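Please read the structure below before turning to the comments.
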Amino acid sequence: MTRSGTDPLEVIEYEVVVLLRRADFKKTMDGRENSLFRSGYLILNVLLKKSPMSVRGLADLFQLDLSTMSRQIKALENKALIARKIEDHDGRVHQISITEAGRHAVSALKEERIRIYQGLLDDWSEEERTVFADHLAGLNRKIERRKRLK
């Protein structure tokens, strides 16, 4: 039981839903029209580290079907944040790379997001931030593994 006498799993269930709703930067944190949707931000972050990648590789990584990933790729391509290149050895395979504009957009947005979280958590100790970060990352990895098993 938590200090309030509530089952911790009930608190976690509810607070994760609230977090997902409130932490959607496009809708609640910055509201700018040129801001990236969550999916675009995540794709660009992956491409910063693993560029180029195939559309199939991205779809598999995010556990999405190919048509959903293709729509998200097209939206980023329309904003010139990524570039698509057809593989020489197989014309059906497209390799996706982040552009310089994409690098700039994701870096600027990441800095802004970190600044916002820094303000939100300014009264937390470094240890509290570290423990929260570790637990949040652990929860996400478990969710990913569970989804892969299904």
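In the structure tokens, the first chain shown is A, the next is B, and so on; residue numbers restart at 1 for each chain, and ligands run from 1 in the order shown.
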
Next item on the list: Identify, with DSSP run on backbone atoms, the residues in range 6-144 of chain A assigned to helix (DSSP H, G or I), and express the list as a VMD selection string.
Entry: chain A and resid 8 to 22 25 to 29 38 to 50 55 to 62 66 to 78 100 to 120 126 to 144

Val55 in chain A: which residues within 7 Å, counting only C-alpha atoms, same-chain residues fewer than 2 positions away excluded, as an mmCIF file with N, CA and C atoms, in the first residue's frame?
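Full text of result04.cif as output:
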```cif
data_model
loop_
_atom_site.group_PDB
_atom_site.id
_atom_site.type_symbol
_atom_site.label_atom_id
_atom_site.label_comp_id
_atom_site.auth_asym_id
_atom_site.auth_seq_id
_atom_site.Cartn_x
_atom_site.Cartn_y
_atom_site.Cartn_z
ATOM 1 N N MET A 53 18.554 3.411 -42.177
ATOM 2 C CA MET A 53 17.812 2.198 -41.847
ATOM 3 C C MET A 53 16.735 1.994 -42.901
ATOM 4 N N GLY A 57 13.098 -2.101 -41.239
ATOM 5 C CA GLY A 57 13.863 -2.110 -39.993
ATOM 6 C C GLY A 57 13.271 -1.175 -38.954
ATOM 7 N N LEU A 58 12.843 -0.001 -39.397
ATOM 8 C CA LEU A 58 12.197 0.946 -38.482
ATOM 9 C C LEU A 58 10.864 0.399 -37.989
ATOM 10 N N ALA A 59 10.084 -0.170 -38.896
ATOM 11 C CA ALA A 59 8.784 -0.740 -38.511
ATOM 12 C C ALA A 59 8.974 -1.849 -37.475
ATOM 13 N N MET A 69 4.330 2.729 -40.590
ATOM 14 C CA MET A 69 5.667 3.323 -40.618
ATOM 15 C C MET A 69 5.869 4.119 -41.904
ATOM 16 N N SER A 70 5.365 3.621 -43.013
ATOM 17 C CA SER A 70 5.508 4.344 -44.285
ATOM 18 C C SER A 70 4.835 5.706 -44.226
ATOM 19 N N HIS A 94 13.951 0.702 -49.441
ATOM 20 C CA HIS A 94 14.314 2.114 -49.284
ATOM 21 C C HIS A 94 15.097 2.277 -47.993
ATOM 22 N N GLN A 95 16.226 2.945 -48.096
ATOM 23 C CA GLN A 95 17.018 3.286 -46.921
ATOM 24 C C GLN A 95 16.669 4.715 -46.513
ATOM 25 N N ILE A 96 16.434 4.913 -45.235
ATOM 26 C CA ILE A 96 16.032 6.198 -44.699
ATOM 27 C C ILE A 96 17.199 6.781 -43.910
#
```

Checklist line | range 117-120 of chain A environment, 10 Å, only C-alpha atoms, sequence neighbours closer than 4 positions dropped, as number ranges by chain | finding: A: 23, 111-113, 124, 129

Same residues, C-alpha atoms, output as a CSV table (one decimal), in the first residue's frame:
```csv
chain,number,residue,atom,x,y,z
A,23,ALA,CA,3.7,14.6,-21.6
A,111,GLU,CA,17.2,20.5,-25.7
A,112,GLU,CA,13.8,22.2,-25.2
A,113,ARG,CA,12.3,19.0,-23.7
A,124,TRP,CA,14.3,16.6,-7.1
A,129,ARG,CA,16.2,11.8,-10.8
```

Note to self: Taking 6 positions as the minimum chain separation for residues in the same chain, which residues sit within 12 Å of Arg84 in chain A when counting only C-alpha atoms? Answer as a ChimeraX atom specification.
What the structure shows: /A:51-55,70,73-74,76-78,91-99

File of the preceding selection, C-alpha atoms, as a PDB file, in the first residue's frame:
```
ATOM      1  CA  SER A  51      21.160   6.048 -39.977  1.00  0.00           C
ATOM      2  CA  PRO A  52      20.474   4.772 -42.576  1.00  0.00           C
ATOM      3  CA  MET A  53      17.812   2.198 -41.847  1.00  0.00           C
ATOM      4  CA  SER A  54      15.254   0.474 -44.006  1.00  0.00           C
ATOM      5  CA  VAL A  55      11.567   1.234 -43.604  1.00  0.00           C
ATOM      6  CA  SER A  70       5.508   4.344 -44.285  1.00  0.00           C
ATOM      7  CA  ILE A  73       8.240   8.303 -42.908  1.00  0.00           C
ATOM      8  CA  LYS A  74       6.336  10.190 -45.622  1.00  0.00           C
ATOM      9  CA  LEU A  76       9.014  13.393 -42.113  1.00  0.00           C
ATOM     10  CA  GLU A  77      10.123  13.291 -45.730  1.00  0.00           C
ATOM     11  CA  ASN A  78       7.602  16.026 -46.617  1.00  0.00           C
ATOM     12  CA  GLY A  91      14.869  -1.511 -55.812  1.00  0.00           C
ATOM     13  CA  ARG A  92      12.066  -2.478 -53.415  1.00  0.00           C
ATOM     14  CA  VAL A  93      14.096  -1.520 -50.352  1.00  0.00           C
ATOM     15  CA  HIS A  94      14.314   2.114 -49.284  1.00  0.00           C
ATOM     16  CA  GLN A  95      17.018   3.286 -46.921  1.00  0.00           C
ATOM     17  CA  ILE A  96      16.032   6.198 -44.699  1.00  0.00           C
ATOM     18  CA  SER A  97      18.609   8.739 -43.515  1.00  0.00           C
ATOM     19  CA  ILE A  98      18.236  11.773 -41.322  1.00  0.00           C
ATOM     20  CA  THR A  99      18.973  15.083 -43.053  1.00  0.00           C
TER      21      THR A  99
END
```

Checklist line | chain A: residues DSSP assigns to strand (DSSP E or B), reported as a VMD selection string | finding: chain A and resid 53 to 54 82 to 86 94 to 98

Could those residues be written to a file, using C-alpha atoms, as an mmCIF file, in the first residue's frame?
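Wrote it out as result.cif, contents follow:
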```
data_model
loop_
_atom_site.group_PDB
_atom_site.id
_atom_site.type_symbol
_atom_site.label_atom_id
_atom_site.label_comp_id
_atom_site.auth_asym_id
_atom_site.auth_seq_id
_atom_site.Cartn_x
_atom_site.Cartn_y
_atom_site.Cartn_z
ATOM 1 C CA MET A 53 17.812 2.198 -41.847
ATOM 2 C CA SER A 54 15.254 0.474 -44.006
ATOM 3 C CA ILE A 82 14.708 12.593 -43.650
ATOM 4 C CA ALA A 83 15.796 11.418 -47.088
ATOM 5 C CA ARG A 84 14.852 8.198 -48.809
ATOM 6 C CA LYS A 85 17.225 6.323 -51.090
ATOM 7 C CA ILE A 86 16.459 3.175 -53.049
ATOM 8 C CA HIS A 94 14.314 2.114 -49.284
ATOM 9 C CA GLN A 95 17.018 3.286 -46.921
ATOM 10 C CA ILE A 96 16.032 6.198 -44.699
ATOM 11 C CA SER A 97 18.609 8.739 -43.515
ATOM 12 C CA ILE A 98 18.236 11.773 -41.322
#
```

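With distances restricted to only C-alpha atoms, A:Leu47 is the closest residue to Glu100 in chain A from A:Lys147, A:Arg56, A:Leu47, A:Leu61.
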
Next item on the list: Excluding Asn45 in chain A and any residue of its chain fewer than 5 positions from it, enumerate the residues within 12 Å of it, using only C-alpha atoms, and give them as JSON, numbers by chain.
Entry: {"A": [36, 38, 39, 40, 50, 51, 58, 81, 82, 97, 98, 102, 103, 104, 105, 106, 107, 108, 109, 110]}

Take the residues just selected and output them with N, CA and C atoms as an mmCIF file, in the first residue's frame.
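Saved result, selection-v3.cif, follows:
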```
data_model
loop_
_atom_site.group_PDB
_atom_site.id
_atom_site.type_symbol
_atom_site.label_atom_id
_atom_site.label_comp_id
_atom_site.auth_asym_id
_atom_site.auth_seq_id
_atom_site.Cartn_x
_atom_site.Cartn_y
_atom_site.Cartn_z
ATOM 1 N N LEU A 36 7.317 18.524 -33.575
ATOM 2 C CA LEU A 36 7.179 17.155 -34.072
ATOM 3 C C LEU A 36 6.199 16.363 -33.227
ATOM 4 N N ARG A 38 5.087 12.891 -31.494
ATOM 5 C CA ARG A 38 5.887 11.915 -30.742
ATOM 6 C C ARG A 38 6.531 10.880 -31.669
ATOM 7 N N SER A 39 5.785 10.365 -32.629
ATOM 8 C CA SER A 39 6.336 9.329 -33.515
ATOM 9 C C SER A 39 7.498 9.871 -34.338
ATOM 10 N N GLY A 40 7.364 11.070 -34.863
ATOM 11 C CA GLY A 40 8.444 11.670 -35.645
ATOM 12 C C GLY A 40 9.682 11.909 -34.813
ATOM 13 N N LYS A 50 21.384 5.411 -35.789
ATOM 14 C CA LYS A 50 21.461 4.233 -36.653
ATOM 15 C C LYS A 50 21.117 4.543 -38.104
ATOM 16 N N SER A 51 21.508 5.673 -38.607
ATOM 17 C CA SER A 51 21.160 6.048 -39.977
ATOM 18 C C SER A 51 22.206 5.504 -40.928
ATOM 19 N N LEU A 58 12.843 -0.001 -39.397
ATOM 20 C CA LEU A 58 12.197 0.946 -38.482
ATOM 21 C C LEU A 58 10.864 0.399 -37.989
ATOM 22 N N LEU A 81 13.025 16.325 -43.268
ATOM 23 C CA LEU A 81 13.771 15.921 -42.080
ATOM 24 C C LEU A 81 14.493 14.596 -42.287
ATOM 25 N N ILE A 82 14.056 13.848 -43.274
ATOM 26 C CA ILE A 82 14.708 12.593 -43.650
ATOM 27 C C ILE A 82 14.800 12.534 -45.164
ATOM 28 N N SER A 97 17.537 8.031 -44.215
ATOM 29 C CA SER A 97 18.609 8.739 -43.515
ATOM 30 C C SER A 97 18.073 10.057 -42.982
ATOM 31 N N ILE A 98 18.616 10.475 -41.880
ATOM 32 C CA ILE A 98 18.236 11.773 -41.322
ATOM 33 C C ILE A 98 19.006 12.858 -42.079
ATOM 34 N N GLY A 102 16.834 17.549 -40.212
ATOM 35 C CA GLY A 102 16.310 16.611 -39.221
ATOM 36 C C GLY A 102 17.170 16.577 -37.975
ATOM 37 N N ARG A 103 18.487 16.582 -38.171
ATOM 38 C CA ARG A 103 19.413 16.609 -37.027
ATOM 39 C C ARG A 103 19.183 17.867 -36.185
ATOM 40 N N HIS A 104 19.054 18.984 -36.870
ATOM 41 C CA HIS A 104 18.846 20.245 -36.167
ATOM 42 C C HIS A 104 17.499 20.235 -35.425
ATOM 43 N N ALA A 105 16.452 19.768 -36.094
ATOM 44 C CA ALA A 105 15.109 19.763 -35.492
ATOM 45 C C ALA A 105 15.067 18.895 -34.247
ATOM 46 N N VAL A 106 15.610 17.695 -34.323
ATOM 47 C CA VAL A 106 15.549 16.792 -33.171
ATOM 48 C C VAL A 106 16.455 17.291 -32.046
ATOM 49 N N SER A 107 17.597 17.857 -32.383
ATOM 50 C CA SER A 107 18.488 18.382 -31.337
ATOM 51 C C SER A 107 17.846 19.561 -30.617
ATOM 52 N N ALA A 108 17.246 20.471 -31.365
ATOM 53 C CA ALA A 108 16.600 21.638 -30.755
ATOM 54 C C ALA A 108 15.428 21.210 -29.874
ATOM 55 N N LEU A 109 14.633 20.261 -30.366
ATOM 56 C CA LEU A 109 13.482 19.805 -29.594
ATOM 57 C C LEU A 109 13.926 19.048 -28.346
ATOM 58 N N LYS A 110 14.982 18.250 -28.481
ATOM 59 C CA LYS A 110 15.498 17.515 -27.320
ATOM 60 C C LYS A 110 15.989 18.485 -26.255
#
```
